$ cat run-v2.pdb   # PDB, C-alpha atoms
MODEL        1
ATOM      1  CA  MET H   1      12.759 -14.758  20.389
ATOM      2  CA  LYS H   2      15.950 -13.256  19.014
ATOM      3  CA  ILE H   3      16.172 -12.458  15.307
ATOM      4  CA  SER H   4      19.768 -12.157  14.225
ATOM      5  CA  LYS H   5      19.308 -11.912  10.456
ATOM      6  CA  VAL H   6      16.675 -10.026   8.473
ATOM      7  CA  TYR H   7      17.389 -11.544   5.068
ATOM      8  CA  THR H   8      17.553 -15.265   4.358
ATOM      9  CA  ARG H   9      17.518 -15.321   0.530
ATOM     10  CA  THR H  10      15.041 -18.224   0.710
ATOM     11  CA  GLY H  11      12.283 -16.108  -0.869
ATOM     12  CA  ASP H  12      14.276 -14.878  -3.823
ATOM     13  CA  LYS H  13      12.461 -17.221  -6.225
ATOM     14  CA  GLY H  14       8.944 -16.257  -5.185
ATOM     15  CA  THR H  15       8.248 -18.642  -2.326
ATOM     16  CA  THR H  16       8.004 -18.202   1.420
ATOM     17  CA  SER H  17       7.536 -20.398   4.479
ATOM     18  CA  LEU H  18       4.376 -20.823   6.477
ATOM     19  CA  VAL H  19       4.516 -21.635  10.179
ATOM     20  CA  GLY H  20       6.055 -25.114  10.368
ATOM     21  CA  GLY H  21       8.286 -24.622   7.336
ATOM     22  CA  VAL H  22       5.865 -25.500   4.515
ATOM     23  CA  ARG H  23       6.912 -23.508   1.439
ATOM     24  CA  VAL H  24       4.270 -21.828  -0.720
ATOM     25  CA  LYS H  25       4.224 -19.262  -3.514
ATOM     26  CA  LYS H  26       4.094 -15.662  -2.348
ATOM     27  CA  THR H  27       0.861 -15.328  -4.337
ATOM     28  CA  ASN H  28      -0.826 -18.021  -2.209
ATOM     29  CA  PRO H  29      -4.163 -16.836  -0.733
ATOM     30  CA  ARG H  30      -2.771 -17.346   2.789
ATOM     31  CA  ILE H  31       0.097 -14.978   2.063
ATOM     32  CA  GLU H  32      -2.322 -12.447   0.553
ATOM     33  CA  ALA H  33      -4.506 -12.709   3.670
ATOM     34  CA  TYR H  34      -1.852 -12.343   6.341
ATOM     35  CA  GLY H  35       0.001  -9.786   4.224
ATOM     36  CA  THR H  36      -3.140  -7.652   4.196
ATOM     37  CA  ILE H  37      -3.462  -8.113   7.953
ATOM     38  CA  ASP H  38       0.132  -6.875   8.255
ATOM     39  CA  GLU H  39      -0.704  -3.894   6.019
ATOM     40  CA  LEU H  40      -3.666  -3.089   8.246
ATOM     41  CA  SER H  41      -1.480  -3.208  11.353
ATOM     42  CA  ALA H  42       1.059  -0.877   9.719
ATOM     43  CA  ASN H  43      -1.706   1.577   8.838
ATOM     44  CA  LEU H  44      -3.017   1.381  12.398
ATOM     45  CA  GLY H  45       0.473   2.347  13.574
ATOM     46  CA  LEU H  46       0.211   5.468  11.441
ATOM     47  CA  LEU H  47      -3.300   6.138  12.736
ATOM     48  CA  ILE H  48      -1.946   6.108  16.298
ATOM     49  CA  ASP H  49       0.524   8.825  15.341
ATOM     50  CA  TYR H  50      -2.326  11.031  14.104
ATOM     51  CA  MET H  51      -4.424  10.508  17.235
ATOM     52  CA  LYS H  52      -4.199  12.549  20.400
ATOM     53  CA  GLU H  53      -3.018  10.940  23.625
ATOM     54  CA  GLY H  54      -5.570   8.756  25.363
ATOM     55  CA  ASP H  55      -7.076   5.358  25.900
ATOM     56  CA  GLU H  56      -8.163   4.973  22.283
ATOM     57  CA  ARG H  57      -4.507   4.791  21.231
ATOM     58  CA  LYS H  58      -3.928   1.955  23.708
ATOM     59  CA  PHE H  59      -6.936   0.167  22.272
ATOM     60  CA  ILE H  60      -5.464   0.434  18.764
ATOM     61  CA  VAL H  61      -2.223  -1.153  20.033
ATOM     62  CA  ARG H  62      -4.344  -3.949  21.517
ATOM     63  CA  ILE H  63      -5.891  -4.401  18.064
ATOM     64  CA  GLN H  64      -2.408  -4.612  16.526
ATOM     65  CA  HIS H  65      -1.549  -7.417  18.959
ATOM     66  CA  ASN H  66      -4.746  -9.229  17.941
ATOM     67  CA  LEU H  67      -3.865  -8.801  14.279
ATOM     68  CA  PHE H  68      -0.512 -10.468  14.930
ATOM     69  CA  VAL H  69      -2.413 -13.420  16.422
ATOM     70  CA  ILE H  70      -4.664 -13.543  13.347
ATOM     71  CA  GLY H  71      -1.657 -13.346  11.038
ATOM     72  CA  SER H  72      -0.098 -16.306  12.871
ATOM     73  CA  TYR H  73      -3.331 -18.246  12.481
ATOM     74  CA  LEU H  74      -3.464 -17.523   8.756
ATOM     75  CA  ALA H  75       0.215 -18.463   8.346
ATOM     76  CA  THR H  76      -0.468 -21.936   9.742
ATOM     77  CA  ASP H  77      -1.714 -24.583   7.308
ATOM     78  CA  GLN H  78      -3.456 -26.816   9.825
ATOM     79  CA  THR H  79      -3.435 -29.760   7.411
ATOM     80  CA  LYS H  80       0.356 -29.822   7.763
ATOM     81  CA  THR H  81       1.160 -28.043  11.032
ATOM     82  CA  GLU H  82      -0.563 -28.099  14.396
ATOM     83  CA  LEU H  83      -2.057 -24.749  15.332
ATOM     84  CA  ARG H  84      -0.499 -23.235  18.425
ATOM     85  CA  GLU H  85      -2.842 -22.072  21.157
ATOM     86  CA  PHE H  86      -1.686 -18.441  20.941
ATOM     87  CA  CYS H  87      -2.879 -18.335  17.307
ATOM     88  CA  MET H  88      -6.556 -18.219  18.311
ATOM     89  CA  ILE H  89      -8.402 -14.961  18.831
ATOM     90  CA  ASP H  90     -10.303 -14.810  22.103
ATOM     91  CA  PRO H  91     -14.026 -14.064  21.520
ATOM     92  CA  THR H  92     -13.826 -11.454  24.283
ATOM     93  CA  GLU H  93     -11.743  -9.352  21.892
ATOM     94  CA  THR H  94     -14.711  -9.110  19.515
ATOM     95  CA  GLU H  95     -16.879  -8.177  22.486
ATOM     96  CA  ALA H  96     -14.385  -5.424  23.361
ATOM     97  CA  LEU H  97     -14.775  -4.018  19.842
ATOM     98  CA  GLU H  98     -18.559  -4.085  20.202
ATOM     99  CA  GLU H  99     -18.348  -2.280  23.546
ATOM    100  CA  ALA H 100     -16.071   0.377  22.028
ATOM    101  CA  ILE H 101     -18.502   0.825  19.124
ATOM    102  CA  ASP H 102     -21.492   1.140  21.453
ATOM    103  CA  GLU H 103     -19.678   3.627  23.691
ATOM    104  CA  ALA H 104     -18.607   5.792  20.753
ATOM    105  CA  LEU H 105     -22.109   5.809  19.278
ATOM    106  CA  LEU H 106     -23.479   7.207  22.534
ATOM    107  CA  ASN H 107     -21.311  10.295  22.124
ATOM    108  CA  ILE H 108     -21.651  11.159  18.428
ATOM    109  CA  PRO H 109     -24.630  12.288  16.355
ATOM    110  CA  PRO H 110     -26.541   9.596  14.466
ATOM    111  CA  LEU H 111     -25.846   9.118  10.777
ATOM    112  CA  SER H 112     -28.040  11.188   8.488
ATOM    113  CA  GLY H 113     -26.805   9.642   5.235
ATOM    114  CA  PHE H 114     -23.787   8.069   3.599
ATOM    115  CA  ILE H 115     -20.575   9.885   4.442
ATOM    116  CA  LEU H 116     -17.509  10.430   2.335
ATOM    117  CA  PRO H 117     -14.231   9.338   3.951
ATOM    118  CA  GLY H 118     -12.169  12.229   5.240
ATOM    119  CA  GLY H 119     -12.261  14.943   7.832
ATOM    120  CA  CYS H 120      -9.354  15.449  10.206
ATOM    121  CA  MET H 121      -6.129  13.510   9.513
ATOM    122  CA  ALA H 122      -6.812  10.871  12.182
ATOM    123  CA  ALA H 123     -10.323  10.227  10.883
ATOM    124  CA  ALA H 124      -9.123  10.030   7.291
ATOM    125  CA  MET H 125      -6.500   7.495   8.394
ATOM    126  CA  ALA H 126      -9.148   5.500  10.281
ATOM    127  CA  HIS H 127     -11.130   5.337   7.031
ATOM    128  CA  ILE H 128      -8.059   4.023   5.206
ATOM    129  CA  CYS H 129      -7.651   1.394   7.925
ATOM    130  CA  ARG H 130     -11.316   0.474   7.532
ATOM    131  CA  THR H 131     -10.929  -0.136   3.805
ATOM    132  CA  VAL H 132      -7.772  -2.216   4.300
ATOM    133  CA  CYS H 133      -9.655  -4.177   6.965
ATOM    134  CA  ARG H 134     -12.478  -4.895   4.511
ATOM    135  CA  ARG H 135      -9.909  -6.126   1.974
ATOM    136  CA  ALA H 136      -8.322  -8.324   4.651
ATOM    137  CA  GLU H 137     -11.753  -9.799   5.312
ATOM    138  CA  ARG H 138     -12.157 -10.620   1.612
ATOM    139  CA  ARG H 139      -8.691 -12.215   1.529
ATOM    140  CA  ILE H 140      -9.514 -14.324   4.610
ATOM    141  CA  LEU H 141     -12.771 -15.424   2.997
ATOM    142  CA  ALA H 142     -10.749 -16.497  -0.057
ATOM    143  CA  VAL H 143      -8.593 -18.690   2.202
ATOM    144  CA  GLY H 144     -11.844 -20.087   3.608
ATOM    145  CA  GLU H 145     -12.870 -21.316   0.152
ATOM    146  CA  ASP H 146     -10.243 -24.087   0.404
ATOM    147  CA  THR H 147      -9.892 -24.600   4.140
ATOM    148  CA  LYS H 148     -11.797 -23.969   7.342
ATOM    149  CA  VAL H 149     -11.257 -20.546   8.886
ATOM    150  CA  SER H 150     -12.094 -19.870  12.511
ATOM    151  CA  PRO H 151     -15.452 -18.086  12.794
ATOM    152  CA  GLU H 152     -13.969 -16.021  15.664
ATOM    153  CA  ILE H 153     -11.432 -14.533  13.255
ATOM    154  CA  LEU H 154     -14.081 -13.672  10.687
ATOM    155  CA  GLU H 155     -16.259 -12.080  13.382
ATOM    156  CA  TYR H 156     -13.336 -10.092  14.782
ATOM    157  CA  ILE H 157     -12.289  -8.709  11.391
ATOM    158  CA  ASN H 158     -15.864  -7.860  10.443
ATOM    159  CA  ARG H 159     -16.414  -6.051  13.740
ATOM    160  CA  LEU H 160     -13.044  -4.314  13.445
ATOM    161  CA  SER H 161     -14.080  -2.608  10.215
ATOM    162  CA  ASP H 162     -17.276  -1.442  11.947
ATOM    163  CA  TYR H 163     -15.192  -0.108  14.839
ATOM    164  CA  LEU H 164     -12.869   1.767  12.475
ATOM    165  CA  PHE H 165     -15.840   3.401  10.755
ATOM    166  CA  VAL H 166     -17.284   4.553  14.079
ATOM    167  CA  LEU H 167     -13.835   5.623  15.289
ATOM    168  CA  ALA H 168     -13.432   7.831  12.199
ATOM    169  CA  ARG H 169     -16.763   9.464  12.944
ATOM    170  CA  LYS H 170     -15.821   9.935  16.604
ATOM    171  CA  LEU H 171     -12.439  11.458  15.733
ATOM    172  CA  ASN H 172     -14.110  13.928  13.378
ATOM    173  CA  PHE H 173     -16.720  14.818  15.989
ATOM    174  CA  VAL H 174     -14.110  15.411  18.704
ATOM    175  CA  GLU H 175     -12.043  17.573  16.331
ATOM    176  CA  GLY H 176     -15.086  19.509  15.151
ATOM    177  CA  ALA H 177     -14.521  18.368  11.575
ATOM    178  CA  ARG H 178     -17.767  18.273   9.640
ATOM    179  CA  GLU H 179     -18.567  15.040   7.864
ATOM    180  CA  LYS H 180     -19.250  15.372   4.168
ATOM    181  CA  LEU H 181     -22.443  13.634   3.147
ATOM    182  CA  TRP H 182     -22.683  11.870  -0.180
ATOM    183  CA  LYS H 183     -25.058  13.643  -2.516
ATOM    184  CA  ASN H 184     -26.956  11.628  -5.053
ATOM    185  CA  ASN H 185     -26.656  13.567  -8.297
ATOM    186  CA  ASP H 186     -29.723  11.833  -9.720
ATOM    187  CA  LYS H 187     -32.066  13.880  -7.515
TER     188      LYS H 187
ENDMDL
END
$ encode --input "run-v2.pdb" --output "structure tokens"
Amino acid sequence: MKISKVYTRTGDKGTTSLVGGVRVKKTNPRIEAYGTIDELSANLGLLIDYMKEGDERKFIVRIQHNLFVIGSYLATDQTKTELREFCMIDPTETEALEEAIDEALLNIPPLSGFILPGGCMAAAMAHICRTVCRRAERRILAVGEDTKVSPEILEYINRLSDYLFVLARKLNFVEGAREKLWKNNDK
């Protein structure tokens, strides 16, 4: 696909097009949902830059590709436009997240309490990605209040936030950055 023009001026009055050309307000829950997915992908791009070379970086790029698929799904109002096959997330992608979580947990100490986000730069960025992912999940659930949302997408996004939490812990462990535990001041 060749994109010859970045600006179209069609959104200047607060509307945008979904897949298939249906125009909606830019405040539409679908736009909020796939916009948050886009924000998550952008933050993952920054996370990659903070990470050291290795397979984990390739896995994050794979996640970005999956987020593009999810964004395409969310940008398609299936009551007006037929969903294209490439807009569905393969359940094996959720399984890949689960495998990555399980593998990481084998190599880091168990949790001993609630942790505060932070640590090394890569881990802190992974925590930011996790919180954006949780917001994306809430935005997708809002879309699901008016229309059916694929359970595979909800599972993937939910598991992705779990993965990002574990990844942050793993990055801190590898860097030797101590996790800060939350202290209940009521004790």
$ closest_residue --input "run-v2.pdb" --among "H:Val132, H:Leu141, H:Leu181, H:Leu47" --to "H:Leu111" --atoms "all atoms listed in the file"
H:Leu181
$ resolve_selection --input "run-v2.pdb" --expression "the PyMOL selection byres ((chain H and resi 146-150) around 9)" --output "ChimeraX atom specification"
/H:73-74,77-79,88-89,140-145,151-155
$ write_last_selection --input "run-v2.pdb" --atoms "C-alpha atoms" --output "mmCIF file, in the coordinates of the input"
data_model
loop_
_atom_site.group_PDB
_atom_site.id
_atom_site.type_symbol
_atom_site.label_atom_id
_atom_site.label_comp_id
_atom_site.auth_asym_id
_atom_site.auth_seq_id
_atom_site.Cartn_x
_atom_site.Cartn_y
_atom_site.Cartn_z
ATOM 1 C CA TYR H 73 -3.331 -18.246 12.481
ATOM 2 C CA LEU H 74 -3.464 -17.523 8.756
ATOM 3 C CA ASP H 77 -1.714 -24.583 7.308
ATOM 4 C CA GLN H 78 -3.456 -26.816 9.825
ATOM 5 C CA THR H 79 -3.435 -29.760 7.411
ATOM 6 C CA MET H 88 -6.556 -18.219 18.311
ATOM 7 C CA ILE H 89 -8.402 -14.961 18.831
ATOM 8 C CA ILE H 140 -9.514 -14.324 4.610
ATOM 9 C CA LEU H 141 -12.771 -15.424 2.997
ATOM 10 C CA ALA H 142 -10.749 -16.497 -0.057
ATOM 11 C CA VAL H 143 -8.593 -18.690 2.202
ATOM 12 C CA GLY H 144 -11.844 -20.087 3.608
ATOM 13 C CA GLU H 145 -12.870 -21.316 0.152
ATOM 14 C CA PRO H 151 -15.452 -18.086 12.794
ATOM 15 C CA GLU H 152 -13.969 -16.021 15.664
ATOM 16 C CA ILE H 153 -11.432 -14.533 13.255
ATOM 17 C CA LEU H 154 -14.081 -13.672 10.687
ATOM 18 C CA GLU H 155 -16.259 -12.080 13.382
#
$ closest_residue --input "run-v2.pdb" --among "H:Asn28, H:Thr131, H:Ser112, H:Thr92" --to "H:Leu40" --atoms "all atoms listed in the file"
H:Thr131
$ atom_distance --input "run-v2.pdb" --atom1 "atom CA of H:Thr76" --atom2 "atom CA of H:Arg30"
8.6 Å
$ residues_around --input "run-v2.pdb" --residues "H:Lys170" --least-positions-apart "3" --cutoff "9 Å" --atoms "all atoms listed in the file" --output "VMD selection string"
chain H and resid 104 to 105 107 to 108 123 165 to 167 173 to 175
$ resolve_selection --input "run-v2.pdb" --expression "the PyMOL selection byres ((chain H and resi 139) around 10)" --output "PyMOL selection string"
chain H and resi 29-37+133-138+140-144
$ resolve_selection --input "run-v2.pdb" --expression "the PyMOL selection byres ((chain H and resi 116) around 9)" --output "PDB file with C-alpha atoms, keeping the file's coordinate frame"
ATOM      1  CA  PHE H 114     -23.787   8.069   3.599  1.00  0.00           C
ATOM      2  CA  ILE H 115     -20.575   9.885   4.442  1.00  0.00           C
ATOM      3  CA  PRO H 117     -14.231   9.338   3.951  1.00  0.00           C
ATOM      4  CA  GLY H 118     -12.169  12.229   5.240  1.00  0.00           C
ATOM      5  CA  GLY H 119     -12.261  14.943   7.832  1.00  0.00           C
ATOM      6  CA  GLU H 179     -18.567  15.040   7.864  1.00  0.00           C
ATOM      7  CA  LYS H 180     -19.250  15.372   4.168  1.00  0.00           C
ATOM      8  CA  LEU H 181     -22.443  13.634   3.147  1.00  0.00           C
ATOM      9  CA  TRP H 182     -22.683  11.870  -0.180  1.00  0.00           C
TER      10      TRP H 182
END
$ closest_residue --input "run-v2.pdb" --among "H:Leu97, H:Leu160, H:Val69, H:Thr81" --to "H:Leu44" --atoms "all atoms listed in the file"
H:Leu160
$ closest_residue --input "run-v2.pdb" --among "H:Asn172, H:Asn43, H:Ser161, H:Asn184" --to "H:Glu98" --atoms "only C-alpha atoms"
H:Ser161
